[in-house]
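Structure record follows, encoded as C-alpha coordinates.
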Amino acid sequence: ILNVEQSPQSLHVQEGDSTNFTCSFPSSNFYALHWYRWETAKSPEALFVMTLNGDEKKKGRISATLNTKEGYSYLYIKGSQPEDSATYLCAFWSGYALNFGKGTSLLVTP
Amino acid sequence: DAGVIQSPRHEVTEMGQEVTLRCKPISGHDYLFWYRQTMMRGLELLIYFNNNVPIDDSGMPEDRFSAKMPNASFSTLKIQPSEPRDSAVYFCASSLRDGYNQPQHFGDGTRLSIL
(Lines give C-alpha, C1' and ligand atoms only; values in the text may rest on other atoms or scores of the structure.)
Protein backbone atom coordinates (compact mmCIF):
# COMPACT_ATOMS: atom_id res chain seq x y z
CA ILE A 1 0.00 0.00 0.00
CA LEU A 2 1.49 3.34 -1.05
CA ASN A 3 1.12 6.39 1.14
CA VAL A 4 -1.03 9.15 -0.29
CA GLU A 5 -1.36 12.05 2.12
CA GLN A 6 -3.85 14.87 1.87
CA SER A 7 -3.92 18.09 3.82
CA PRO A 8 -5.68 19.67 5.47
CA GLN A 9 -8.04 16.96 6.70
CA SER A 10 -10.89 19.47 6.78
CA LEU A 11 -11.46 23.06 5.84
CA HIS A 12 -14.20 25.57 6.53
CA VAL A 13 -14.36 28.69 4.37
CA GLN A 14 -16.80 31.46 3.63
CA GLU A 15 -18.59 31.79 0.33
CA GLY A 16 -16.38 33.71 -2.09
CA ASP A 17 -13.09 32.65 -0.51
CA SER A 18 -10.51 30.91 -2.65
CA THR A 19 -8.89 27.83 -1.21
CA ASN A 20 -6.43 25.08 -2.00
CA PHE A 21 -5.52 21.61 -0.74
CA THR A 22 -2.46 19.43 -1.09
CA CYS A 23 -1.96 15.83 -2.12
CA SER A 24 1.42 14.17 -1.53
CA PHE A 25 2.39 10.89 -3.15
CA PRO A 26 5.50 8.78 -3.81
CA SER A 27 7.60 10.47 -6.49
CA SER A 28 8.99 7.21 -7.87
CA ASN A 29 7.20 4.96 -10.34
CA PHE A 30 4.59 7.57 -11.21
CA TYR A 31 1.79 6.75 -13.63
CA ALA A 32 -1.08 9.11 -12.90
CA LEU A 33 -2.73 11.25 -10.26
CA HIS A 34 -6.52 11.44 -10.03
CA TRP A 35 -8.74 13.97 -8.24
CA TYR A 36 -12.31 13.09 -7.27
CA ARG A 37 -15.11 15.08 -5.70
CA TRP A 38 -17.32 13.20 -3.23
CA GLU A 39 -20.53 14.77 -2.02
CA THR A 40 -22.26 13.36 1.02
CA ALA A 41 -24.64 10.47 0.22
CA LYS A 42 -23.34 10.29 -3.35
CA SER A 43 -20.49 8.47 -5.06
CA PRO A 44 -17.04 9.88 -5.96
CA GLU A 45 -17.01 11.79 -9.23
CA ALA A 46 -13.86 12.30 -11.30
CA LEU A 47 -12.52 15.83 -11.59
CA PHE A 48 -9.10 15.39 -13.20
CA VAL A 49 -6.65 12.74 -14.32
CA MET A 50 -3.10 14.07 -14.56
CA THR A 51 -0.18 12.18 -16.02
CA LEU A 52 2.59 14.63 -16.92
CA ASN A 53 4.89 16.64 -14.68
CA GLY A 54 3.82 20.26 -14.83
CA ASP A 55 0.28 19.36 -15.90
CA GLU A 56 -2.37 21.95 -15.13
CA LYS A 57 -6.04 21.12 -15.50
CA LYS A 58 -9.07 23.36 -15.09
CA LYS A 59 -12.81 22.78 -14.85
CA GLY A 60 -14.77 25.95 -14.16
CA ARG A 61 -13.56 27.43 -10.86
CA ILE A 62 -11.56 24.33 -9.96
CA SER A 63 -8.01 23.76 -11.15
CA ALA A 64 -5.16 21.41 -10.30
CA THR A 65 -1.41 21.31 -10.76
CA LEU A 66 1.01 18.39 -10.68
CA ASN A 67 4.66 18.04 -9.67
CA THR A 68 5.74 14.44 -10.15
CA LYS A 69 9.40 15.05 -9.30
CA GLU A 70 8.64 16.22 -5.79
CA GLY A 71 5.46 14.19 -5.44
CA TYR A 72 2.67 16.68 -4.88
CA SER A 73 -0.46 18.05 -6.49
CA TYR A 74 -2.52 21.10 -5.54
CA LEU A 75 -6.25 21.53 -6.05
CA TYR A 76 -7.50 25.12 -6.16
CA ILE A 77 -11.05 26.40 -5.87
CA LYS A 78 -11.58 30.02 -6.84
CA GLY A 79 -14.49 31.88 -5.26
CA SER A 80 -15.89 28.94 -3.27
CA GLN A 81 -19.64 28.37 -3.34
CA PRO A 82 -21.78 26.34 -0.90
CA GLU A 83 -22.27 23.72 -3.62
CA ASP A 84 -18.50 23.11 -3.57
CA SER A 85 -18.93 21.55 -0.12
CA ALA A 86 -17.70 17.98 -0.48
CA THR A 87 -14.76 15.72 0.23
CA TYR A 88 -11.98 16.00 -2.33
CA LEU A 89 -9.99 12.81 -2.84
CA CYS A 90 -6.74 12.37 -4.63
CA ALA A 91 -5.53 8.98 -5.82
CA PHE A 92 -2.16 7.83 -7.07
CA TRP A 93 -1.90 5.14 -9.71
CA SER A 94 1.22 3.15 -8.89
CA GLY A 95 1.27 0.87 -11.88
CA TYR A 96 -1.22 -1.71 -10.75
CA ALA A 97 -3.88 0.05 -8.65
CA LEU A 98 -5.29 3.38 -7.56
CA ASN A 99 -4.32 4.30 -3.99
CA PHE A 100 -6.62 6.87 -2.43
CA GLY A 101 -5.85 9.49 0.19
CA LYS A 102 -8.27 10.05 3.06
CA GLY A 103 -9.51 13.25 1.47
CA THR A 104 -9.97 16.90 2.40
CA SER A 105 -13.45 17.71 3.64
CA LEU A 106 -14.50 21.19 2.52
CA LEU A 107 -17.41 23.12 3.99
CA VAL A 108 -18.40 26.41 2.37
CA THR A 109 -20.85 28.50 4.31
CA PRO A 110 -22.86 31.44 2.91
CA ASP B 1 -25.71 6.19 -20.88
CA ALA B 2 -26.43 4.49 -17.59
CA GLY B 3 -23.68 4.70 -15.03
CA VAL B 4 -22.31 1.91 -12.89
CA ILE B 5 -25.22 0.13 -11.25
CA GLN B 6 -24.88 -1.55 -7.88
CA SER B 7 -27.38 -3.59 -5.95
CA PRO B 8 -28.63 -3.72 -3.33
CA ARG B 9 -28.27 -0.14 -2.10
CA HIS B 10 -28.59 -1.26 1.51
CA GLU B 11 -28.15 -4.64 3.11
CA VAL B 12 -28.70 -5.53 6.74
CA THR B 13 -28.05 -9.10 7.75
CA GLU B 14 -26.98 -11.18 10.69
CA MET B 15 -23.51 -12.35 11.40
CA GLY B 16 -22.69 -15.63 9.69
CA GLN B 17 -24.96 -15.08 6.71
CA GLU B 18 -23.74 -15.00 3.14
CA VAL B 19 -23.82 -11.60 1.49
CA THR B 20 -23.68 -11.02 -2.27
CA LEU B 21 -23.12 -7.57 -3.74
CA ARG B 22 -23.71 -6.98 -7.43
CA CYS B 23 -22.31 -4.59 -9.98
CA LYS B 24 -23.01 -3.77 -13.61
CA PRO B 25 -20.22 -1.66 -15.12
CA ILE B 26 -20.62 0.92 -17.86
CA SER B 27 -20.87 -0.80 -21.22
CA GLY B 28 -17.54 -0.84 -23.02
CA HIS B 29 -15.43 -0.36 -19.91
CA ASP B 30 -12.60 -2.86 -19.62
CA TYR B 31 -11.72 -2.38 -15.96
CA LEU B 32 -13.88 -3.08 -12.93
CA PHE B 33 -12.87 -2.26 -9.37
CA TRP B 34 -14.32 -3.17 -5.98
CA TYR B 35 -13.62 -0.77 -3.09
CA ARG B 36 -14.56 -0.71 0.58
CA GLN B 37 -15.00 2.55 2.44
CA THR B 38 -14.70 2.80 6.21
CA MET B 39 -14.11 5.69 8.57
CA MET B 40 -10.85 4.21 9.77
CA ARG B 41 -9.23 3.25 6.48
CA GLY B 42 -10.95 5.46 3.93
CA LEU B 43 -11.45 4.07 0.43
CA GLU B 44 -9.44 0.91 -0.10
CA LEU B 45 -9.18 -1.26 -3.18
CA LEU B 46 -10.26 -4.86 -2.68
CA ILE B 47 -9.83 -6.35 -6.16
CA TYR B 48 -9.93 -5.33 -9.78
CA PHE B 49 -10.60 -7.01 -13.11
CA ASN B 50 -9.38 -6.31 -16.62
CA ASN B 51 -11.47 -7.86 -19.39
CA ASN B 52 -13.20 -10.06 -16.78
CA VAL B 53 -9.90 -11.44 -15.46
CA PRO B 54 -8.91 -10.70 -11.84
CA ILE B 55 -5.63 -8.78 -11.93
CA ASP B 56 -4.93 -7.95 -8.30
CA ASP B 57 -6.81 -9.29 -5.29
CA SER B 58 -4.20 -8.40 -2.68
CA GLY B 59 -6.68 -6.04 -1.04
CA MET B 60 -9.20 -8.77 -0.30
CA PRO B 61 -9.15 -8.97 3.50
CA GLU B 62 -9.38 -12.73 3.89
CA ASP B 63 -10.73 -15.94 2.44
CA ARG B 64 -14.25 -15.04 3.44
CA PHE B 65 -14.25 -12.55 0.58
CA SER B 66 -14.49 -13.62 -3.06
CA ALA B 67 -15.25 -11.81 -6.30
CA LYS B 68 -16.20 -12.99 -9.76
CA MET B 69 -16.79 -11.43 -13.13
CA PRO B 70 -18.46 -14.06 -15.31
CA ASN B 71 -18.96 -11.64 -18.20
CA ALA B 72 -18.25 -8.06 -19.21
CA SER B 73 -21.50 -6.72 -17.80
CA PHE B 74 -21.67 -8.29 -14.35
CA SER B 75 -19.58 -8.79 -11.24
CA THR B 76 -20.27 -10.04 -7.74
CA LEU B 77 -18.51 -9.59 -4.41
CA LYS B 78 -19.40 -12.28 -1.91
CA ILE B 79 -18.75 -12.46 1.82
CA GLN B 80 -19.25 -15.82 3.47
CA PRO B 81 -19.59 -15.98 6.42
CA SER B 82 -20.16 -12.29 7.17
CA GLU B 83 -18.89 -10.65 10.37
CA PRO B 84 -19.80 -7.34 12.05
CA ARG B 85 -16.39 -5.88 11.08
CA ASP B 86 -17.38 -6.24 7.43
CA SER B 87 -19.90 -3.43 7.90
CA ALA B 88 -18.94 -0.69 5.44
CA VAL B 89 -19.94 0.93 2.17
CA TYR B 90 -18.82 -1.13 -0.82
CA PHE B 91 -18.28 0.65 -4.10
CA CYS B 92 -17.90 -0.72 -7.59
CA ALA B 93 -16.22 1.39 -10.26
CA SER B 94 -15.36 0.91 -13.92
CA SER B 95 -13.06 2.60 -16.41
CA LEU B 96 -11.98 2.40 -20.00
CA ARG B 97 -8.82 0.66 -21.22
CA ASP B 98 -5.49 1.79 -19.82
CA GLY B 99 -7.13 2.29 -16.45
CA TYR B 100 -4.39 4.52 -15.05
CA ASN B 101 -5.11 7.51 -17.29
CA GLN B 102 -8.86 7.13 -17.41
CA PRO B 103 -11.21 8.37 -14.69
CA GLN B 104 -13.04 5.75 -12.69
CA HIS B 105 -16.82 5.90 -12.66
CA PHE B 106 -18.32 4.86 -9.37
CA GLY B 107 -21.64 3.28 -8.57
CA ASP B 108 -23.79 4.57 -5.73
CA GLY B 109 -22.42 1.94 -3.37
CA THR B 110 -23.94 -0.73 -1.15
CA ARG B 111 -24.20 0.12 2.52
CA LEU B 112 -23.70 -3.15 4.37
CA SER B 113 -24.53 -3.64 8.02
CA ILE B 114 -23.74 -6.94 9.70
CA LEU B 115 -25.47 -7.34 13.06
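To be explicit about the labels: the chains of the C-alpha coordinates are called A, B, and onward in the order shown, and within each one the residues are counted from 1, while ligands get numbers from 1 in the order they are shown.
Residues surrounding Glu83 in chain B within 12 Å are B:Val12, B:Thr13, B:Glu14, B:Met15, B:Gly16, B:Gln17, B:Glu18, B:Val19, B:Glu62, B:Arg64, B:Phe65, B:Ile79, B:Ser87, B:Ala88, B:Leu112, B:Ser113, B:Ile114, B:Leu115 [only C-alpha atoms; sequence separation below 4 positions excluded].
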Could you turn the residues from that selection into a file that holds N, CA, C and O atoms, as an mmCIF file, in the first residue's frame?
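And here is the file that came out, again21.cif:
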data_model
loop_
_atom_site.group_PDB
_atom_site.id
_atom_site.type_symbol
_atom_site.label_atom_id
_atom_site.label_comp_id
_atom_site.auth_asym_id
_atom_site.auth_seq_id
_atom_site.Cartn_x
_atom_site.Cartn_y
_atom_site.Cartn_z
ATOM 1 N N VAL B 12 -28.870 -5.289 5.307
ATOM 2 C CA VAL B 12 -28.696 -5.529 6.739
ATOM 3 C C VAL B 12 -28.909 -7.015 6.951
ATOM 4 O O VAL B 12 -29.947 -7.564 6.556
ATOM 5 N N THR B 13 -27.930 -7.663 7.558
ATOM 6 C CA THR B 13 -28.050 -9.098 7.748
ATOM 7 C C THR B 13 -27.340 -9.499 9.029
ATOM 8 O O THR B 13 -26.594 -8.715 9.613
ATOM 9 N N GLU B 14 -27.576 -10.708 9.440
ATOM 10 C CA GLU B 14 -26.984 -11.180 10.692
ATOM 11 C C GLU B 14 -25.640 -11.837 10.439
ATOM 12 O O GLU B 14 -25.394 -12.435 9.379
ATOM 13 N N MET B 15 -24.828 -11.732 11.419
ATOM 14 C CA MET B 15 -23.508 -12.350 11.398
ATOM 15 C C MET B 15 -23.611 -13.816 10.998
ATOM 16 O O MET B 15 -24.523 -14.529 11.454
ATOM 17 N N GLY B 16 -22.699 -14.238 10.115
ATOM 18 C CA GLY B 16 -22.686 -15.628 9.694
ATOM 19 C C GLY B 16 -23.400 -15.868 8.379
ATOM 20 O O GLY B 16 -23.192 -16.909 7.735
ATOM 21 N N GLN B 17 -24.220 -14.920 7.970
ATOM 22 C CA GLN B 17 -24.958 -15.082 6.715
ATOM 23 C C GLN B 17 -24.065 -14.761 5.523
ATOM 24 O O GLN B 17 -23.085 -14.016 5.635
ATOM 25 N N GLU B 18 -24.441 -15.326 4.381
ATOM 26 C CA GLU B 18 -23.736 -14.999 3.143
ATOM 27 C C GLU B 18 -24.312 -13.711 2.570
ATOM 28 O O GLU B 18 -25.523 -13.501 2.575
ATOM 29 N N VAL B 19 -23.413 -12.875 2.085
ATOM 30 C CA VAL B 19 -23.823 -11.602 1.486
ATOM 31 C C VAL B 19 -23.281 -11.554 0.066
ATOM 32 O O VAL B 19 -22.106 -11.868 -0.163
ATOM 33 N N GLU B 62 -9.617 -11.345 3.496
ATOM 34 C CA GLU B 62 -9.383 -12.733 3.893
ATOM 35 C C GLU B 62 -10.216 -13.659 3.027
ATOM 36 O O GLU B 62 -10.948 -13.195 2.152
ATOM 37 N N ARG B 64 -12.784 -15.158 3.379
ATOM 38 C CA ARG B 64 -14.251 -15.039 3.437
ATOM 39 C C ARG B 64 -14.781 -14.190 2.282
ATOM 40 O O ARG B 64 -15.954 -14.219 1.967
ATOM 41 N N PHE B 65 -13.874 -13.422 1.682
ATOM 42 C CA PHE B 65 -14.254 -12.546 0.576
ATOM 43 C C PHE B 65 -13.870 -13.208 -0.750
ATOM 44 O O PHE B 65 -12.760 -13.719 -0.895
ATOM 45 N N ILE B 79 -19.354 -12.310 0.490
ATOM 46 C CA ILE B 79 -18.750 -12.459 1.819
ATOM 47 C C ILE B 79 -19.457 -13.636 2.492
ATOM 48 O O ILE B 79 -20.679 -13.635 2.651
ATOM 49 N N SER B 87 -18.967 -4.549 8.112
ATOM 50 C CA SER B 87 -19.898 -3.433 7.896
ATOM 51 C C SER B 87 -19.145 -2.247 7.309
ATOM 52 O O SER B 87 -18.142 -1.783 7.875
ATOM 53 N N ALA B 88 -19.615 -1.757 6.176
ATOM 54 C CA ALA B 88 -18.936 -0.686 5.439
ATOM 55 C C ALA B 88 -19.801 -0.333 4.234
ATOM 56 O O ALA B 88 -20.851 -0.944 4.008
ATOM 57 N N LEU B 112 -23.532 -1.831 3.756
ATOM 58 C CA LEU B 112 -23.698 -3.148 4.370
ATOM 59 C C LEU B 112 -23.574 -3.049 5.878
ATOM 60 O O LEU B 112 -22.606 -2.477 6.385
ATOM 61 N N SER B 113 -24.561 -3.592 6.545
ATOM 62 C CA SER B 113 -24.528 -3.643 8.015
ATOM 63 C C SER B 113 -24.679 -5.091 8.443
ATOM 64 O O SER B 113 -25.675 -5.736 8.110
ATOM 65 N N ILE B 114 -23.704 -5.576 9.192
ATOM 66 C CA ILE B 114 -23.743 -6.942 9.704
ATOM 67 C C ILE B 114 -23.980 -6.858 11.216
ATOM 68 O O ILE B 114 -23.179 -6.265 11.951
ATOM 69 N N LEU B 115 -25.089 -7.449 11.640
ATOM 70 C CA LEU B 115 -25.469 -7.339 13.061
ATOM 71 C C LEU B 115 -24.889 -8.483 13.899
ATOM 72 O O LEU B 115 -24.649 -9.566 13.393
#
Practice prompt. Counting only C-alpha atoms, collect the residues of chain B whose closest atom lies at most 6 Å from chain A, and write them out as a list of chain:residue names.
Written response: B:Gly42, B:Tyr100, B:Pro103, B:Asp108
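In this model, the gap between CA of Arg36 in chain B and CA of Asn67 in chain A comes to 28.7 Å.
Near Tyr35 in chain B, within 7 Å and counting only C-alpha atoms, sit Leu43, Glu44, Leu45, Leu46, Tyr90, Phe91 and Cys92 of chain B, not including residues fewer than 6 positions from it in the same chain.
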Item to complete: Do a neighbour search on Cys23 in chain B at 6 Å with only C-alpha atoms, toss out local chain neighbours closer than 6 positions, and write the hits as an MDAnalysis selection string.
Response: chainID B and resid 5:6 74:75
Write out, as a tab-separated table (two decimals), in the first residue's frame, the residues just selected, with all heavy atoms.
chain	number	residue	atom	x	y	z
B	5	ILE	N	-24.03	0.45	-12.05
B	5	ILE	CA	-25.22	0.13	-11.25
B	5	ILE	C	-24.86	-0.93	-10.21
B	5	ILE	O	-24.35	-2.01	-10.56
B	5	ILE	CB	-26.35	-0.39	-12.16
B	5	ILE	CG1	-26.73	0.70	-13.17
B	5	ILE	CG2	-27.58	-0.79	-11.33
B	5	ILE	CD1	-27.69	0.26	-14.24
B	6	GLN	N	-25.15	-0.61	-8.97
B	6	GLN	CA	-24.88	-1.55	-7.88
B	6	GLN	C	-26.19	-1.93	-7.20
B	6	GLN	O	-27.10	-1.13	-7.09
B	6	GLN	CB	-23.96	-0.92	-6.83
B	6	GLN	CG	-22.54	-0.74	-7.30
B	6	GLN	CD	-21.64	-0.28	-6.17
B	6	GLN	OE1	-21.12	0.83	-6.19
B	6	GLN	NE2	-21.40	-1.16	-5.20
B	74	PHE	N	-21.20	-7.91	-15.66
B	74	PHE	CA	-21.67	-8.29	-14.35
B	74	PHE	C	-20.52	-8.77	-13.47
B	74	PHE	O	-19.66	-9.54	-13.90
B	74	PHE	CB	-22.72	-9.41	-14.50
B	74	PHE	CG	-23.35	-9.86	-13.22
B	74	PHE	CD1	-24.15	-9.00	-12.50
B	74	PHE	CD2	-23.14	-11.14	-12.72
B	74	PHE	CE1	-24.75	-9.41	-11.30
B	74	PHE	CE2	-23.73	-11.56	-11.54
B	74	PHE	CZ	-24.54	-10.69	-10.83
B	75	SER	N	-20.56	-8.32	-12.23
B	75	SER	CA	-19.58	-8.79	-11.24
B	75	SER	C	-20.26	-8.94	-9.90
B	75	SER	O	-21.23	-8.23	-9.59
B	75	SER	CB	-18.41	-7.82	-11.13
B	75	SER	OG	-17.50	-8.22	-10.13
Worksheet entry | Contact residues around Lys68 in chain B with only C-alpha atoms at 8 Å, ignoring same-chain residues under 4 positions, as a PyMOL selection string | chain B and resi 54+75-77
